[in-house]
Amino acid sequence: MPRQLLGKYLCRRISGRTIRAQITETEAYCGTKDLACHASKGLTPRTKIMFGPPGHAYIYMIYGMYYCFNVVTREEGCPEAVLIRGTKVVSDQWSMTGKNKYSLSSKKPAIDYRPLSTRLNGPGKLCRELKIDKKLSGVDVCKSRELWIEDSQEEIKSSQIKKGKRIGVDYAGKWKNKLWRFLL
DNA sequence: TATACGATCACCT
DNA sequence: GGTGATCGTATAC
């Protein structure tokens, strides 16, 4: 599933405008045994979306300031999800203006003028840019008109996909070495 | 109730 | 290479 999502479009409607961003990087988090997966803590208020039906958005806050967006990939009771780690903009009627406000500290500008390529290439960054937050947690990405995923025309060959270890999960024992990160 | 820390990022040396 | 920002969640008391 993490490989099947590569190349597809992550779509977001903001104020009546639609942004499409091609998914270029994903990671898989697999069930209650995978110590890197939040579901390894069991069914809690936080993880209940992952234990629910597939196709729903599991969105959580990390480090007190960023959100991460995942898609639940397996049937109810089987808590697996794919984290969307990176995207590339395809069509955009909104953030090309470069007027996405952010402020990490008072020193920084209220408007982010950096190119989009550097604003969508990370799980926290793409959520900030696409205004994905906890309010969208649980939405069905097959049905939602706010946040959804579309197939792309292009065929992704397995030779185009690089694999690697997942990022930021050094605490997860042997699970940290699983090659469950995938990049186009 | 209190505390430790994280599926990150930007900035610093 | 390292660190601070900042808060929800899990875990310990």
# chains A, B, ... in the order shown; residues from 1 in each chain; ligands from 1
>>> residues_around(residues="range 7-13 of chain B", least_positions_apart="6", cutoff="8 Å", atoms="only C-alpha atoms (C1' of nucleotides)", output="PDB file with all heavy atoms, in the first residue's frame")
ATOM      1  N   ALA A  36       7.249   1.016  16.305  1.00  0.00           N
ATOM      2  CA  ALA A  36       7.282   2.384  15.779  1.00  0.00           C
ATOM      3  C   ALA A  36       5.877   2.915  15.514  1.00  0.00           C
ATOM      4  O   ALA A  36       5.678   4.115  15.337  1.00  0.00           O
ATOM      5  CB  ALA A  36       8.093   2.421  14.484  1.00  0.00           C
ATOM      6  N   CYS A  37       4.912   2.017  15.496  1.00  0.00           N
ATOM      7  CA  CYS A  37       3.522   2.391  15.166  1.00  0.00           C
ATOM      8  C   CYS A  37       2.778   2.799  16.432  1.00  0.00           C
ATOM      9  O   CYS A  37       2.883   2.118  17.460  1.00  0.00           O
ATOM     10  CB  CYS A  37       2.835   1.193  14.505  1.00  0.00           C
ATOM     11  SG  CYS A  37       1.122   1.483  14.033  1.00  0.00           S
ATOM     12  N   ILE A  62       2.468  16.359  16.457  1.00  0.00           N
ATOM     13  CA  ILE A  62       3.780  15.861  16.870  1.00  0.00           C
ATOM     14  C   ILE A  62       4.652  17.024  17.301  1.00  0.00           C
ATOM     15  O   ILE A  62       4.602  18.102  16.713  1.00  0.00           O
ATOM     16  CB  ILE A  62       4.426  15.047  15.705  1.00  0.00           C
ATOM     17  CG1 ILE A  62       5.710  14.368  16.159  1.00  0.00           C
ATOM     18  CG2 ILE A  62       4.696  15.921  14.497  1.00  0.00           C
ATOM     19  CD1 ILE A  62       5.537  13.254  17.127  1.00  0.00           C
ATOM     20  N   TYR A  63       5.445  16.829  18.324  1.00  0.00           N
ATOM     21  CA  TYR A  63       6.357  17.837  18.850  1.00  0.00           C
ATOM     22  C   TYR A  63       5.656  19.153  19.184  1.00  0.00           C
ATOM     23  O   TYR A  63       6.262  20.217  19.131  1.00  0.00           O
ATOM     24  CB  TYR A  63       7.519  18.097  17.889  1.00  0.00           C
ATOM     25  CG  TYR A  63       8.353  16.873  17.645  1.00  0.00           C
ATOM     26  CD1 TYR A  63       8.330  16.228  16.423  1.00  0.00           C
ATOM     27  CD2 TYR A  63       9.138  16.335  18.665  1.00  0.00           C
ATOM     28  CE1 TYR A  63       9.081  15.085  16.211  1.00  0.00           C
ATOM     29  CE2 TYR A  63       9.881  15.197  18.464  1.00  0.00           C
ATOM     30  CZ  TYR A  63       9.861  14.579  17.241  1.00  0.00           C
ATOM     31  OH  TYR A  63      10.590  13.459  17.033  1.00  0.00           O
ATOM     32  N   TYR A  66       3.546  20.420  14.960  1.00  0.00           N
ATOM     33  CA  TYR A  66       3.292  19.955  13.594  1.00  0.00           C
ATOM     34  C   TYR A  66       2.235  18.856  13.596  1.00  0.00           C
ATOM     35  O   TYR A  66       2.030  18.190  14.604  1.00  0.00           O
ATOM     36  CB  TYR A  66       4.569  19.384  12.964  1.00  0.00           C
ATOM     37  CG  TYR A  66       5.664  20.390  12.846  1.00  0.00           C
ATOM     38  CD1 TYR A  66       6.725  20.402  13.740  1.00  0.00           C
ATOM     39  CD2 TYR A  66       5.622  21.359  11.844  1.00  0.00           C
ATOM     40  CE1 TYR A  66       7.718  21.358  13.655  1.00  0.00           C
ATOM     41  CE2 TYR A  66       6.615  22.313  11.755  1.00  0.00           C
ATOM     42  CZ  TYR A  66       7.662  22.306  12.659  1.00  0.00           C
ATOM     43  OH  TYR A  66       8.638  23.260  12.569  1.00  0.00           O
ATOM     44  N   CYS A  68       0.938  15.330  11.374  1.00  0.00           N
ATOM     45  CA  CYS A  68       1.317  14.345  10.376  1.00  0.00           C
ATOM     46  C   CYS A  68       0.049  13.691   9.848  1.00  0.00           C
ATOM     47  O   CYS A  68      -0.882  13.404  10.614  1.00  0.00           O
ATOM     48  CB  CYS A  68       2.230  13.276  10.984  1.00  0.00           C
ATOM     49  SG  CYS A  68       3.887  13.863  11.324  1.00  0.00           S
ATOM     50  N   LEU A  83       2.043   6.839   6.423  1.00  0.00           N
ATOM     51  CA  LEU A  83       2.352   8.255   6.629  1.00  0.00           C
ATOM     52  C   LEU A  83       2.772   8.871   5.297  1.00  0.00           C
ATOM     53  O   LEU A  83       3.628   8.326   4.604  1.00  0.00           O
ATOM     54  CB  LEU A  83       3.509   8.374   7.630  1.00  0.00           C
ATOM     55  CG  LEU A  83       4.141   9.757   7.792  1.00  0.00           C
ATOM     56  CD1 LEU A  83       3.180  10.741   8.444  1.00  0.00           C
ATOM     57  CD2 LEU A  83       5.430   9.661   8.600  1.00  0.00           C
ATOM     58  N   PRO A 123       6.675  15.649   6.271  1.00  0.00           N
ATOM     59  CA  PRO A 123       5.339  15.339   6.783  1.00  0.00           C
ATOM     60  C   PRO A 123       4.702  16.496   7.561  1.00  0.00           C
ATOM     61  O   PRO A 123       3.498  16.713   7.456  1.00  0.00           O
ATOM     62  CB  PRO A 123       5.574  14.134   7.691  1.00  0.00           C
ATOM     63  CG  PRO A 123       7.033  14.154   8.015  1.00  0.00           C
ATOM     64  CD  PRO A 123       7.717  14.775   6.840  1.00  0.00           C
ATOM     65  N   GLY A 124       5.518  17.227   8.316  1.00  0.00           N
ATOM     66  CA  GLY A 124       4.986  18.366   9.057  1.00  0.00           C
ATOM     67  C   GLY A 124       4.764  19.550   8.149  1.00  0.00           C
ATOM     68  O   GLY A 124       3.781  20.278   8.270  1.00  0.00           O
ATOM     69  N   LYS A 125       5.695  19.720   7.199  1.00  0.00           N
ATOM     70  CA  LYS A 125       5.609  20.860   6.297  1.00  0.00           C
ATOM     71  C   LYS A 125       4.402  20.768   5.375  1.00  0.00           C
ATOM     72  O   LYS A 125       3.714  21.756   5.131  1.00  0.00           O
ATOM     73  CB  LYS A 125       6.894  20.971   5.467  1.00  0.00           C
ATOM     74  CG  LYS A 125       8.070  21.455   6.303  1.00  0.00           C
ATOM     75  CD  LYS A 125       9.212  21.932   5.435  1.00  0.00           C
ATOM     76  CE  LYS A 125      10.107  20.814   4.991  1.00  0.00           C
ATOM     77  NZ  LYS A 125      11.274  21.322   4.243  1.00  0.00           N
ATOM     78  N   ILE A 167      12.202   7.082   9.256  1.00  0.00           N
ATOM     79  CA  ILE A 167      12.873   8.197   9.913  1.00  0.00           C
ATOM     80  C   ILE A 167      12.343   8.395  11.324  1.00  0.00           C
ATOM     81  O   ILE A 167      11.140   8.285  11.564  1.00  0.00           O
ATOM     82  CB  ILE A 167      12.625   9.505   9.115  1.00  0.00           C
ATOM     83  CG1 ILE A 167      13.092   9.366   7.673  1.00  0.00           C
ATOM     84  CG2 ILE A 167      13.289  10.699   9.794  1.00  0.00           C
ATOM     85  CD1 ILE A 167      14.574   9.186   7.496  1.00  0.00           C
ATOM     86  N   GLY A 168      13.259   8.673  12.256  1.00  0.00           N
ATOM     87  CA  GLY A 168      12.851   9.112  13.596  1.00  0.00           C
ATOM     88  C   GLY A 168      12.255   8.047  14.483  1.00  0.00           C
ATOM     89  O   GLY A 168      11.467   8.357  15.375  1.00  0.00           O
ATOM     90  N   VAL A 169      12.611   6.779  14.245  1.00  0.00           N
ATOM     91  CA  VAL A 169      12.031   5.711  15.056  1.00  0.00           C
ATOM     92  C   VAL A 169      13.116   4.841  15.707  1.00  0.00           C
ATOM     93  O   VAL A 169      12.936   3.639  15.875  1.00  0.00           O
ATOM     94  CB  VAL A 169      11.053   4.838  14.227  1.00  0.00           C
ATOM     95  CG1 VAL A 169       9.846   5.656  13.796  1.00  0.00           C
ATOM     96  CG2 VAL A 169      11.725   4.228  13.015  1.00  0.00           C
TER      97      VAL A 169
END
>>> residues_around(residues="Gly64 in chain A", least_positions_apart="4", cutoff="10 Å", atoms="only C-alpha atoms (C1' of nucleotides)", output="list in words")
DG6 and DT8 of chain B; DA5, DT6, DC7 and DG8 of chain C
>>> select_by_dssp(residues="range 38-76 of chain A", states="alpha helix (DSSP H)", output="ChimeraX atom specification")
/A:48-51
>>> atom_distance(atom1="C1' of DT11 in chain C", atom2="CA of Cys78 in chain A")
24.6 Å
>>> closest_atom_pairs(of="chain A", to="chain B", cutoff="12 Å", atoms="only C-alpha atoms (C1' of nucleotides)", output="CSV")
residue,atom,partner,partner_atom,distance
A:Thr26,CA,B:DA7,C1',10.7
A:Glu27,CA,B:DA7,C1',8.5
A:Ala28,CA,B:DA7,C1',9.7
A:Tyr29,CA,B:DA7,C1',8.6
A:Leu35,CA,B:DA7,C1',11.2
A:Ala36,CA,B:DA7,C1',7.5
A:Cys37,CA,B:DA7,C1',7.8
A:His38,CA,B:DA7,C1',8.5
A:Ala39,CA,B:DA7,C1',11.8
A:Tyr58,CA,B:DA7,C1',11.9
A:Ile59,CA,B:DA7,C1',11.0
A:Tyr60,CA,B:DA7,C1',9.7
A:Met61,CA,B:DG6,C1',9.5
A:Ile62,CA,B:DG6,C1',6.3
A:Tyr63,CA,B:DG6,C1',5.8
A:Gly64,CA,B:DG6,C1',8.9
A:Met65,CA,B:DT8,C1',8.3
A:Tyr66,CA,B:DT8,C1',6.7
A:Tyr67,CA,B:DT8,C1',8.8
A:Cys68,CA,B:DA7,C1',7.6
A:Phe69,CA,B:DA7,C1',9.7
A:Asn70,CA,B:DA7,C1',9.7
A:Ala81,CA,B:DA7,C1',10.9
A:Val82,CA,B:DA7,C1',10.0
A:Leu83,CA,B:DA7,C1',7.4
A:Ile84,CA,B:DA7,C1',9.9
A:Arg85,CA,B:DA7,C1',9.1
A:Ser103,CA,B:DA10,C1',11.0
A:Leu104,CA,B:DA10,C1',8.5
A:Ser105,CA,B:DA10,C1',10.2
A:Lys107,CA,B:DC11,C1',11.3
A:Lys108,CA,B:DA10,C1',10.2
A:Thr118,CA,B:DC9,C1',11.6
A:Arg119,CA,B:DC9,C1',10.7
A:Asn121,CA,B:DC9,C1',11.2
A:Gly122,CA,B:DT8,C1',8.3
A:Pro123,CA,B:DT8,C1',7.7
A:Gly124,CA,B:DT8,C1',6.0
A:Lys125,CA,B:DC9,C1',7.8
A:Leu126,CA,B:DT8,C1',11.3
A:Cys127,CA,B:DT8,C1',11.3
A:Arg128,CA,B:DC9,C1',11.1
A:Lys165,CA,B:DA7,C1',12.0
A:Arg166,CA,B:DA7,C1',8.2
A:Ile167,CA,B:DA7,C1',7.1
A:Gly168,CA,B:DA7,C1',6.5
A:Val169,CA,B:DA7,C1',7.0
A:Asp170,CA,B:DA7,C1',10.7
A:Tyr171,CA,B:DG6,C1',10.3
A:Ala172,CA,B:DA7,C1',11.1
A:Lys176,CA,B:DA7,C1',11.2
A:Trp180,CA,B:DA7,C1',11.9
A:Arg181,CA,B:DA7,C1',11.0
>>> select_by_dssp(residues="range 6-178 of chain A", states="strand (DSSP E)", output="PyMOL selection string")
chain A and resi 9-14+17-30+57-62+66-72+80-91+100-101+111-112+147-150+162-164
